>>> print(open('final-v8.pdb').read())   # PDB, C-alpha atoms, pLDDT in the B column
MODEL        1
ATOM      1  CA  MET A   8     -20.221  18.199  27.547  1.00 40.00           C
ATOM      2  CA  GLY A   9     -20.133  17.640  31.302  1.00 43.00           C
ATOM      3  CA  LYS A  10     -20.642  14.458  33.206  1.00 44.00           C
ATOM      4  CA  TYR A  11     -24.350  15.184  33.721  1.00 45.00           C
ATOM      5  CA  GLY A  12     -25.149  16.410  30.207  1.00 45.00           C
ATOM      6  CA  THR A  13     -26.264  19.906  29.465  1.00 47.00           C
ATOM      7  CA  ILE A  14     -29.575  21.589  29.996  1.00 45.00           C
ATOM      8  CA  GLU A  15     -29.405  23.144  26.548  1.00 48.00           C
ATOM      9  CA  GLU A  16     -29.776  19.671  25.005  1.00 61.00           C
ATOM     10  CA  LYS A  17     -32.778  18.664  27.114  1.00 71.00           C
ATOM     11  CA  PRO A  18     -34.954  21.568  28.300  1.00 73.00           C
ATOM     12  CA  VAL A  19     -36.434  21.229  31.764  1.00 74.00           C
ATOM     13  CA  LYS A  20     -40.219  21.505  31.593  1.00 77.00           C
ATOM     14  CA  ILE A  21     -42.330  21.558  34.739  1.00 77.00           C
ATOM     15  CA  ASP A  22     -45.800  22.484  35.894  1.00 78.00           C
ATOM     16  CA  LYS A  23     -45.369  26.191  36.577  1.00 72.00           C
ATOM     17  CA  TRP A  24     -47.934  26.071  39.405  1.00 78.00           C
ATOM     18  CA  ASP A  25     -46.013  23.415  41.334  1.00 79.00           C
ATOM     19  CA  SER A  26     -43.660  25.315  43.661  1.00 82.00           C
ATOM     20  CA  ALA A  27     -41.680  22.182  44.588  1.00 85.00           C
ATOM     21  CA  ALA A  28     -41.021  21.444  40.908  1.00 86.00           C
ATOM     22  CA  LEU A  29     -40.008  25.084  40.314  1.00 87.00           C
ATOM     23  CA  LYS A  30     -37.552  24.980  43.218  1.00 89.00           C
ATOM     24  CA  ASN A  31     -36.110  21.619  42.181  1.00 88.00           C
ATOM     25  CA  ALA A  32     -35.623  22.742  38.573  1.00 89.00           C
ATOM     26  CA  LEU A  33     -33.812  25.906  39.664  1.00 90.00           C
ATOM     27  CA  ASP A  34     -31.730  23.949  42.201  1.00 90.00           C
ATOM     28  CA  ASP A  35     -30.718  21.468  39.509  1.00 89.00           C
ATOM     29  CA  GLY A  36     -29.808  24.335  37.196  1.00 89.00           C
ATOM     30  CA  ALA A  37     -27.565  25.938  39.824  1.00 90.00           C
ATOM     31  CA  LYS A  38     -26.012  22.555  40.530  1.00 91.00           C
ATOM     32  CA  LYS A  39     -25.203  22.074  36.853  1.00 90.00           C
ATOM     33  CA  VAL A  40     -23.581  25.507  36.641  1.00 90.00           C
ATOM     34  CA  MET A  41     -21.357  24.807  39.648  1.00 90.00           C
ATOM     35  CA  LEU A  42     -20.382  21.287  38.590  1.00 89.00           C
ATOM     36  CA  ASP A  43     -20.274  21.505  34.791  1.00 88.00           C
ATOM     37  CA  LYS A  44     -19.385  25.123  34.081  1.00 86.00           C
ATOM     38  CA  PHE A  45     -17.010  25.780  36.993  1.00 86.00           C
ATOM     39  CA  GLY A  46     -15.704  22.207  37.214  1.00 85.00           C
ATOM     40  CA  PHE A  47     -16.214  21.780  40.944  1.00 89.00           C
ATOM     41  CA  THR A  48     -16.615  18.337  42.507  1.00 87.00           C
ATOM     42  CA  GLU A  49     -19.715  17.389  44.457  1.00 88.00           C
ATOM     43  CA  SER A  50     -19.236  16.269  48.064  1.00 87.00           C
ATOM     44  CA  HIS A  51     -21.779  13.802  49.386  1.00 89.00           C
ATOM     45  CA  LYS A  52     -20.770  13.945  53.083  1.00 90.00           C
ATOM     46  CA  LEU A  53     -23.834  15.932  54.135  1.00 87.00           C
ATOM     47  CA  MET A  54     -26.205  13.457  52.457  1.00 89.00           C
ATOM     48  CA  ASP A  55     -24.180  10.508  53.781  1.00 91.00           C
ATOM     49  CA  GLY A  56     -24.917  11.678  57.331  1.00 91.00           C
ATOM     50  CA  ARG A  57     -28.642  11.547  56.612  1.00 91.00           C
ATOM     51  CA  LEU A  58     -28.312   8.122  54.992  1.00 94.00           C
ATOM     52  CA  PHE A  59     -26.347   6.794  57.978  1.00 96.00           C
ATOM     53  CA  ILE A  60     -29.039   7.906  60.437  1.00 94.00           C
ATOM     54  CA  CYS A  61     -31.761   6.360  58.255  1.00 93.00           C
ATOM     55  CA  THR A  62     -29.804   3.113  57.859  1.00 95.00           C
ATOM     56  CA  VAL A  63     -29.390   2.717  61.626  1.00 95.00           C
ATOM     57  CA  ALA A  64     -33.125   3.376  62.110  1.00 93.00           C
ATOM     58  CA  VAL A  65     -34.028   0.760  59.495  1.00 93.00           C
ATOM     59  CA  VAL A  66     -31.639  -1.749  61.114  1.00 93.00           C
ATOM     60  CA  PHE A  67     -33.527  -1.305  64.410  1.00 92.00           C
ATOM     61  CA  ALA A  68     -36.839  -1.835  62.609  1.00 90.00           C
ATOM     62  CA  MET A  69     -35.565  -4.919  60.769  1.00 92.00           C
ATOM     63  CA  PHE A  70     -34.110  -6.361  63.971  1.00 92.00           C
ATOM     64  CA  ALA A  71     -37.486  -5.941  65.670  1.00 90.00           C
ATOM     65  CA  LEU A  72     -39.208  -7.675  62.756  1.00 89.00           C
ATOM     66  CA  VAL A  73     -36.806 -10.631  62.764  1.00 91.00           C
ATOM     67  CA  TRP A  74     -36.816 -10.925  66.564  1.00 90.00           C
ATOM     68  CA  ASP A  75     -40.620 -10.961  66.631  1.00 88.00           C
ATOM     69  CA  TYR A  76     -40.670 -13.634  63.905  1.00 88.00           C
ATOM     70  CA  PHE A  77     -38.505 -16.022  65.924  1.00 89.00           C
ATOM     71  CA  ARG A  78     -39.980 -15.134  69.344  1.00 87.00           C
ATOM     72  CA  PRO A  79     -43.668 -14.171  68.973  1.00 85.00           C
ATOM     73  CA  PHE A  80     -45.196 -11.152  70.679  1.00 82.00           C
ATOM     74  CA  PRO A  81     -45.556 -11.783  74.353  1.00 83.00           C
ATOM     75  CA  GLU A  82     -41.952 -12.931  74.594  1.00 84.00           C
ATOM     76  CA  SER A  83     -40.560 -10.216  72.254  1.00 83.00           C
ATOM     77  CA  ARG A  84     -42.264  -7.290  73.957  1.00 88.00           C
ATOM     78  CA  PRO A  85     -39.161  -5.742  75.664  1.00 90.00           C
ATOM     79  CA  VAL A  86     -37.087  -5.974  72.466  1.00 90.00           C
ATOM     80  CA  LEU A  87     -39.906  -4.462  70.400  1.00 89.00           C
ATOM     81  CA  ILE A  88     -40.269  -1.575  72.852  1.00 90.00           C
ATOM     82  CA  ILE A  89     -36.530  -0.845  72.712  1.00 92.00           C
ATOM     83  CA  CYS A  90     -36.446  -1.048  68.900  1.00 90.00           C
ATOM     84  CA  VAL A  91     -39.538   1.115  68.427  1.00 89.00           C
ATOM     85  CA  LEU A  92     -38.267   3.753  70.856  1.00 93.00           C
ATOM     86  CA  SER A  93     -34.846   3.680  69.160  1.00 94.00           C
ATOM     87  CA  TYR A  94     -36.475   4.111  65.751  1.00 92.00           C
ATOM     88  CA  PHE A  95     -38.484   7.150  66.872  1.00 92.00           C
ATOM     89  CA  PHE A  96     -35.470   8.620  68.660  1.00 95.00           C
ATOM     90  CA  LEU A  97     -33.453   8.304  65.443  1.00 94.00           C
ATOM     91  CA  MET A  98     -36.248   9.971  63.466  1.00 93.00           C
ATOM     92  CA  GLY A  99     -35.968  12.882  65.921  1.00 94.00           C
ATOM     93  CA  VAL A 100     -32.207  12.939  65.374  1.00 94.00           C
ATOM     94  CA  LEU A 101     -32.840  12.942  61.621  1.00 93.00           C
ATOM     95  CA  THR A 102     -35.199  15.906  61.955  1.00 93.00           C
ATOM     96  CA  VAL A 103     -32.636  17.857  63.966  1.00 93.00           C
ATOM     97  CA  TYR A 104     -29.922  16.905  61.451  1.00 91.00           C
ATOM     98  CA  THR A 105     -31.894  18.074  58.424  1.00 90.00           C
ATOM     99  CA  THR A 106     -33.006  21.259  60.192  1.00 89.00           C
ATOM    100  CA  TYR A 107     -29.734  22.408  61.718  1.00 88.00           C
ATOM    101  CA  MET A 108     -27.009  20.665  59.711  1.00 86.00           C
ATOM    102  CA  GLU A 109     -28.390  20.586  56.176  1.00 84.00           C
ATOM    103  CA  MET A 110     -30.397  23.832  56.467  1.00 84.00           C
ATOM    104  CA  GLY A 111     -31.763  23.576  52.946  1.00 84.00           C
ATOM    105  CA  ILE A 112     -28.347  22.915  51.387  1.00 89.00           C
ATOM    106  CA  PHE A 113     -28.779  21.051  48.134  1.00 90.00           C
ATOM    107  CA  LEU A 114     -25.157  21.104  46.964  1.00 89.00           C
ATOM    108  CA  VAL A 115     -21.769  21.013  48.634  1.00 89.00           C
ATOM    109  CA  ALA A 116     -19.215  21.616  45.888  1.00 89.00           C
ATOM    110  CA  LEU A 117     -15.478  21.331  46.407  1.00 88.00           C
ATOM    111  CA  ASP A 118     -12.993  23.492  44.563  1.00 85.00           C
ATOM    112  CA  LYS A 119     -10.118  21.022  44.641  1.00 82.00           C
ATOM    113  CA  ASP A 120      -6.629  22.348  45.321  1.00 73.00           C
ATOM    114  CA  ARG A 121      -4.621  21.701  42.154  1.00 74.00           C
ATOM    115  CA  THR A 122      -1.435  20.951  44.097  1.00 75.00           C
ATOM    116  CA  ARG A 123      -3.237  18.721  46.616  1.00 72.00           C
ATOM    117  CA  VAL A 124      -1.278  20.404  49.393  1.00 77.00           C
ATOM    118  CA  ASP A 125      -3.899  22.750  50.819  1.00 77.00           C
ATOM    119  CA  PRO A 126      -7.426  21.762  51.907  1.00 84.00           C
ATOM    120  CA  ASP A 127     -10.176  22.144  49.322  1.00 85.00           C
ATOM    121  CA  ASN A 128     -12.327  25.264  49.199  1.00 86.00           C
ATOM    122  CA  LYS A 129     -16.027  24.559  49.749  1.00 89.00           C
ATOM    123  CA  TRP A 130     -19.141  26.061  48.187  1.00 91.00           C
ATOM    124  CA  ASP A 131     -22.534  25.434  49.856  1.00 91.00           C
ATOM    125  CA  LEU A 132     -25.688  26.173  47.868  1.00 92.00           C
ATOM    126  CA  ALA A 133     -29.062  26.465  49.577  1.00 92.00           C
ATOM    127  CA  SER A 134     -32.393  27.735  48.354  1.00 92.00           C
ATOM    128  CA  LYS A 135     -35.828  28.799  49.545  1.00 90.00           C
ATOM    129  CA  LEU A 136     -39.158  29.068  47.791  1.00 89.00           C
ATOM    130  CA  LYS A 137     -42.233  29.406  49.967  1.00 88.00           C
ATOM    131  CA  LYS A 138     -45.331  27.516  48.935  1.00 84.00           C
ATOM    132  CA  TYR A 139     -47.489  30.320  47.521  1.00 84.00           C
ATOM    133  CA  ASP A 140     -44.699  32.771  46.750  1.00 85.00           C
ATOM    134  CA  ASP A 141     -42.922  33.476  43.475  1.00 86.00           C
ATOM    135  CA  LYS A 142     -39.667  34.693  45.086  1.00 92.00           C
ATOM    136  CA  TYR A 143     -36.839  32.165  44.791  1.00 91.00           C
ATOM    137  CA  THR A 144     -33.790  32.767  46.979  1.00 92.00           C
ATOM    138  CA  LEU A 145     -30.465  31.158  46.094  1.00 92.00           C
ATOM    139  CA  SER A 146     -27.810  31.382  48.811  1.00 92.00           C
ATOM    140  CA  MET A 147     -24.146  30.594  48.274  1.00 92.00           C
ATOM    141  CA  THR A 148     -21.512  30.260  50.978  1.00 91.00           C
ATOM    142  CA  PHE A 149     -17.800  29.977  50.273  1.00 91.00           C
ATOM    143  CA  THR A 150     -15.502  28.466  52.904  1.00 89.00           C
ATOM    144  CA  ASP A 151     -11.773  28.955  52.369  1.00 85.00           C
ATOM    145  CA  GLY A 152      -9.934  25.683  52.881  1.00 81.00           C
ATOM    146  CA  LYS A 153      -6.829  27.294  54.388  1.00 82.00           C
ATOM    147  CA  THR A 154      -8.318  29.874  56.745  1.00 86.00           C
ATOM    148  CA  ASN A 155     -11.856  28.494  57.280  1.00 85.00           C
ATOM    149  CA  LYS A 156     -13.211  32.008  56.681  1.00 89.00           C
ATOM    150  CA  THR A 157     -16.586  32.179  55.010  1.00 88.00           C
ATOM    151  CA  ARG A 158     -18.153  34.562  52.544  1.00 90.00           C
ATOM    152  CA  SER A 159     -21.751  34.366  51.474  1.00 90.00           C
ATOM    153  CA  GLY A 160     -24.280  36.010  49.272  1.00 91.00           C
ATOM    154  CA  GLU A 161     -27.733  35.461  47.904  1.00 91.00           C
ATOM    155  CA  ILE A 162     -30.060  36.483  45.146  1.00 92.00           C
ATOM    156  CA  THR A 163     -33.825  36.701  45.311  1.00 93.00           C
ATOM    157  CA  LYS A 164     -35.737  36.798  42.062  1.00 92.00           C
ATOM    158  CA  SER A 165     -39.165  35.916  40.802  1.00 90.00           C
ATOM    159  CA  VAL A 166     -39.362  32.467  39.255  1.00 87.00           C
ATOM    160  CA  ALA A 167     -41.178  34.080  36.315  1.00 86.00           C
ATOM    161  CA  GLU A 168     -37.825  35.553  35.230  1.00 89.00           C
ATOM    162  CA  PHE A 169     -36.432  32.065  34.575  1.00 88.00           C
ATOM    163  CA  PHE A 170     -39.411  30.142  33.150  1.00 86.00           C
ATOM    164  CA  ASP A 171     -41.399  30.786  30.006  1.00 84.00           C
ATOM    165  CA  GLU A 172     -45.203  30.576  29.796  1.00 84.00           C
ATOM    166  CA  ASN A 173     -45.034  26.818  29.073  1.00 83.00           C
ATOM    167  CA  GLY A 174     -43.016  26.028  32.201  1.00 83.00           C
ATOM    168  CA  VAL A 175     -39.668  25.530  30.437  1.00 86.00           C
ATOM    169  CA  LEU A 176     -36.588  26.656  32.333  1.00 86.00           C
ATOM    170  CA  CYS A 177     -34.763  29.349  30.343  1.00 85.00           C
ATOM    171  CA  PHE A 178     -31.267  28.263  31.325  1.00 85.00           C
ATOM    172  CA  ASP A 179     -29.685  31.087  29.318  1.00 87.00           C
ATOM    173  CA  LEU A 180     -31.402  33.571  31.684  1.00 89.00           C
ATOM    174  CA  TYR A 181     -30.696  31.622  34.882  1.00 89.00           C
ATOM    175  CA  GLU A 182     -27.039  30.685  34.338  1.00 90.00           C
ATOM    176  CA  PRO A 183     -25.758  34.305  34.317  1.00 91.00           C
ATOM    177  CA  GLU A 184     -27.455  34.956  37.669  1.00 91.00           C
ATOM    178  CA  VAL A 185     -25.718  31.959  39.252  1.00 91.00           C
ATOM    179  CA  ARG A 186     -22.398  32.944  37.665  1.00 91.00           C
ATOM    180  CA  MET A 187     -22.709  36.553  38.886  1.00 92.00           C
ATOM    181  CA  LEU A 188     -23.427  35.407  42.437  1.00 91.00           C
ATOM    182  CA  GLN A 189     -20.460  33.035  42.398  1.00 90.00           C
ATOM    183  CA  ASN A 190     -18.172  35.669  40.892  1.00 89.00           C
ATOM    184  CA  ARG A 191     -19.274  38.270  43.431  1.00 90.00           C
ATOM    185  CA  ILE A 192     -18.464  35.935  46.332  1.00 89.00           C
ATOM    186  CA  ALA A 193     -15.182  34.838  44.683  1.00 84.00           C
ATOM    187  CA  THR A 194     -14.177  38.498  44.189  1.00 81.00           C
ATOM    188  CA  ASP A 195     -15.038  39.294  47.832  1.00 69.00           C
ATOM    189  CA  LYS A 196     -12.757  36.505  49.052  1.00 52.00           C
ATOM    190  CA  LYS A 197      -9.751  37.899  47.175  1.00 53.00           C
ATOM    191  CA  GLU A 198     -10.039  41.327  48.793  1.00 49.00           C
TER     192      GLU A 198
ENDMDL
END
>>> encode(input="final-v8.pdb", output="structure tokens")
Amino acid sequence: MGKYGTIEEKPVKIDKWDSAALKNALDDGAKKVMLDKFGFTESHKLMDGRLFICTVAVVFAMFALVWDYFRPFPESRPVLIICVLSYFFLMGVLTVYTTYMEMGIFLVALDKDRTRVDPDNKWDLASKLKKYDDKYTLSMTFTDGKTNKTRSGEITKSVAEFFDENGVLCFDLYEPEVRMLQNRIATDKKE
């Protein structure tokens, strides 16, 4: 049993009409395959960037709140303006970060070098599921730690192939798809 448990023990049941829940269930399933079945390690650096930007924005907001408490409004006006503008600027930075850096990536998995001599290989998993569409796209990108060359691939399938009529994720149908995509990209990198 892996660190996160197994899906076979606790079936994932969602509202099959909720596209966000469908996407999240499939994302979690792919994450479990990569971490539990392949033994990769999750990297949190991408999420840490988002948390850092949010933390700085909240610090500006808290500073404005404390400053206004000790020096009421007419006197605190310039500090409040600077803090509010900084907060909104950082929210713009956060939007750019999530749009162009994260790009829908829900997992960065590291294939650790056993000898700890070479850099780790990296697997990025991203997904798409439009609001009123049944086509789920799982994208995988492999980055070689030594050469920095990338290989990628994706699968697009109907969510109906992975969920039964009650909204339970059929992990035994989904896992082979994730494994085949990973194996195809891993085989491409060896050629």
>>> resolve_selection(input="final-v8.pdb", expression="the PyMOL selection byres ((chain A and resi 49) around 10)", output="number ranges by chain")
A: 38, 41-42, 46-48, 50-52, 114-118, 129-130
>>> resolve_selection(input="final-v8.pdb", expression="the PyMOL selection byres ((chain A and resi 126) around 12)", output="ChimeraX atom specification")
/A:117-125,127-129,150-155
>>> atom_distance(input="final-v8.pdb", atom1="CA of Asp140 in chain A", atom2="CA of Trp24 in chain A")
10.5 Å
>>> closest_residue(input="final-v8.pdb", among="A:Phe59, A:Phe169, A:Val19, A:Met54", to="Glu182 in chain A", atoms="all atoms listed in the file")
A:Phe169
>>> atom_distance(input="final-v8.pdb", atom1="CA of Ser146 in chain A", atom2="CA of Asp25 in chain A")
21.2 Å
>>> resolve_selection(input="final-v8.pdb", expression="the PyMOL selection byres ((chain A and resi 30-37) around 8)", output="list in words")
Ile14, Val19, Ile21, Ser26, Ala27, Ala28, Leu29, Lys38, Lys39, Val40, Met41, Phe113, Ser134, Lys135, Leu136, Tyr143, Leu176, Phe178, Tyr181, Glu182 and Val185 of chain A
>>> write_last_selection(input="final-v8.pdb", atoms="C-alpha atoms", output="PDB file, keeping the file's coordinate frame")
ATOM      1  CA  ILE A  14     -29.575  21.589  29.996  1.00 45.00           C
ATOM      2  CA  VAL A  19     -36.434  21.229  31.764  1.00 74.00           C
ATOM      3  CA  ILE A  21     -42.330  21.558  34.739  1.00 77.00           C
ATOM      4  CA  SER A  26     -43.660  25.315  43.661  1.00 82.00           C
ATOM      5  CA  ALA A  27     -41.680  22.182  44.588  1.00 85.00           C
ATOM      6  CA  ALA A  28     -41.021  21.444  40.908  1.00 86.00           C
ATOM      7  CA  LEU A  29     -40.008  25.084  40.314  1.00 87.00           C
ATOM      8  CA  LYS A  38     -26.012  22.555  40.530  1.00 91.00           C
ATOM      9  CA  LYS A  39     -25.203  22.074  36.853  1.00 90.00           C
ATOM     10  CA  VAL A  40     -23.581  25.507  36.641  1.00 90.00           C
ATOM     11  CA  MET A  41     -21.357  24.807  39.648  1.00 90.00           C
ATOM     12  CA  PHE A 113     -28.779  21.051  48.134  1.00 90.00           C
ATOM     13  CA  SER A 134     -32.393  27.735  48.354  1.00 92.00           C
ATOM     14  CA  LYS A 135     -35.828  28.799  49.545  1.00 90.00           C
ATOM     15  CA  LEU A 136     -39.158  29.068  47.791  1.00 89.00           C
ATOM     16  CA  TYR A 143     -36.839  32.165  44.791  1.00 91.00           C
ATOM     17  CA  LEU A 176     -36.588  26.656  32.333  1.00 86.00           C
ATOM     18  CA  PHE A 178     -31.267  28.263  31.325  1.00 85.00           C
ATOM     19  CA  TYR A 181     -30.696  31.622  34.882  1.00 89.00           C
ATOM     20  CA  GLU A 182     -27.039  30.685  34.338  1.00 90.00           C
ATOM     21  CA  VAL A 185     -25.718  31.959  39.252  1.00 91.00           C
TER      22      VAL A 185
END
>>> closest_residue(input="final-v8.pdb", among="A:Phe45, A:Asp75, A:Ile88, A:Val100", to="Cys61 in chain A", atoms="all atoms listed in the file")
A:Val100
>>> closest_residue(input="final-v8.pdb", among="A:Ala64, A:Ile192, A:Met147, A:Asn173", to="Leu97 in chain A", atoms="all atoms listed in the file")
A:Ala64
>>> atom_distance(input="final-v8.pdb", atom1="CA of Leu53 in chain A", atom2="CA of Val103 in chain A")
13.3 Å
>>> closest_residue(input="final-v8.pdb", among="A:Arg57, A:Arg186, A:Lys17, A:Arg84", to="Thr106 in chain A", atoms="only C-alpha atoms")
A:Arg57
>>> axis_aligned_box(input="final-v8.pdb", around="range 68-82 of chain A", padding_each_side="6 Å", output="lines of an AutoDock Vina configuration file")
center_x = -39.8
center_y = -8.9
center_z = 67.7
size_x = 23.4
size_y = 26.2
size_z = 25.8
>>> closest_residue(input="final-v8.pdb", among="A:Lys23, A:Pro18, A:Ala133, A:Ile89", to="Glu172 in chain A", atoms="all atoms listed in the file")
A:Lys23
>>> residues_near_point(input="final-v8.pdb", point="(-33.6, -1.8, 62.3)", cutoff="10 Å", atoms="all atoms listed in the file", output="MDAnalysis selection string")
chainID A and resid 61:73 90:91 93:94
>>> closest_residue(input="final-v8.pdb", among="A:Phe80, A:Glu161, A:Asp171, A:Cys177", to="Asn190 in chain A", atoms="all atoms listed in the file")
A:Glu161
